[in-house]
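Peer 1: Have a look at this one.
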Amino acid sequence: MNKLSLALLLSGAPALCLANDGIAALSAGGIVFGKSDAIAMKKEVLNVSYDKVSVDYDFRNESALDVEETIAFPLPEYSAKYQQSPTYYGQPGAFSILVDGKALAYRTVLAARQEGRDVGAVLRRVGLTEEQIAYFPAFSPFDNKVAPLSAAQEEILIAKGLLAKLIDETSWVPAWTVQIHCVWKQKFPAHKTVHVHHQYRPFVEAGSATAMLNANFTASHCADAAFYRTWRRLAAANEQQVTANQVAYILQTGNTWKNGIEDFTLNLVKKDPAELISLCFPGTFRKINPTTLQLRLRNFRPTQDLNVYFGNIGEAGVGEGVGPALAP
């Protein structure tokens, strides 16, 4: 498996995730998604909890010829500047890709941007390593330290507007964002089905549930009055010790496949029956067991990505029987 030495896979901004496979073409600017008229995503089963994501796909080549495509597994952009916690950095735990049951080798492609502009080439010309681009090299919370920038490098990057000052600080920090793609070549034999499996421990926005319930929460997660009533009851019962995690997952790349996602299943998995869940998503969820809510859609063409709020009450039994706030 070809990885950068510090495993530059992901993270840094709130609600981080991995994402749907999508057909891609490599260009000088990085990953460009294409469109397949031959390969159909016949089925996707996505399982999401606050500490584990797994997804299974069935792809079928519906043409009469074998097809080989470049596949990318995109990770969301994150800020390269210093973050307060290592929660937002590093390689996802237990990250794996299996194709028809066999472990797959892939390579990583790193892109750096500032306000949508690709600045990776500029950073590399200044002499920054991939690790320095992906991770803030000073005041690092990482276990693996990154080499600091030289005075000459800092001077050039300041002049180019690629370093910015921390608020009330004299230190300079990166002013760019980073995105990583896992990339591999995949063969699709004619009239055959290929099964792909991913599994990993997601990066999340985590912390006090009180802090997360900001002014934008109702709109961003479709939280209704019943959700807030339940949350307040749980908070009171737990003396405000309601923690929260938000997990995001990129779905819209599913549209790169022929006919979108023909058979889509989303399972939201609680660690406890009392766990609160809220999200905006089309369709109606049903409870299939005390800890799993399921949604199935046919011929699904995603128009939004997934962002799930998990309100975790810690001890089992608190608020037992309370349903999640789920809105179409």
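Numbering starts fresh at 1 for the residues of each chain in the structure tokens, the chains themselves are lettered A, B, ... in the order given, and ligands are numbered from 1 as they appear.
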Check stretch 148-255 of chain A with DSSP on the backbone and list each residue it calls strand (DSSP E), as a PyMOL selection string.
Peer 2: chain A and resi 163-165+172-174+177-188+193-201+205-208+243-249
Peer 1: So which one's closest to A:Cys222, A:Asn312, A:Asn307, A:Gln179, A:Asn289? Using only C-alpha atoms, please.
Peer 2: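 Looking only at the distances to A:Cys222, the closest residue turns out to be A:Asn307.
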Peer 1: Taking into account only C-alpha atoms, which residue in the set A:Gln132, A:Thr108, A:Ser220, A:Asn61 is nearest to A:His181?
Peer 2: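 Smallest distance to A:His181 is found for A:Thr108.
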Peer 1: What does the distance between atom CA of A:Pro202 and atom CA of A:Ala244 come to in Å, to one decimal place?
Peer 2: 14.1 Å
Peer 1: Excluding A:Glu77 and any residue of its chain fewer than 2 positions from it, enumerate the residues within 7 Å of it, using only C-alpha atoms, and give them as a list of chain:residue names.
Peer 2: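 Result of the neighbour search: A:Leu75, A:Ser79, A:Thr177, A:Val178, A:Gln179.
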Peer 1: Suppose we keep C-alpha atoms; can you now write the selection as a PDB file, in the first residue's frame?
Peer 2:
```
ATOM      1  CA  LEU A  75     -11.516  12.660   1.558  1.00  0.00           C
ATOM      2  CA  SER A  79      -7.450  23.283   7.151  1.00  0.00           C
ATOM      3  CA  THR A 177      -6.560  23.581   2.841  1.00  0.00           C
ATOM      4  CA  VAL A 178      -5.630  19.989   2.069  1.00  0.00           C
ATOM      5  CA  GLN A 179      -7.517  17.230   0.309  1.00  0.00           C
TER       6      GLN A 179
END
```
Peer 1: Using Å and a single decimal, report how far atom CA of A:Phe188 sits from atom CA of A:Tyr106.
Peer 2: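 These atoms are spaced 16.7 Å apart.
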Peer 1: Tell me, as an MDAnalysis selection string, which residues lie within 10 Å of stretch 278-281 of chain A, counting only C-alpha atoms; anything in the same chain fewer than 4 positions away does not count.
Peer 2: chainID A and resid 217:224 227 246 285 295 302:311 324:328
Peer 1: Give me the residues near A:Ile71 as a ChimeraX atom specification, where near means some atom within 6 Å (using only C-alpha atoms) and where sequence neighbours in that chain fewer than 3 positions away do not count.
Peer 2: /A:22-24,183-184
Peer 1: Closest to A:Gly120 among A:Ile180, A:Tyr249, A:Val67, A:Lys271, using only C-alpha atoms?
Peer 2: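 Under the stated criterion, the closest residue is A:Ile180.
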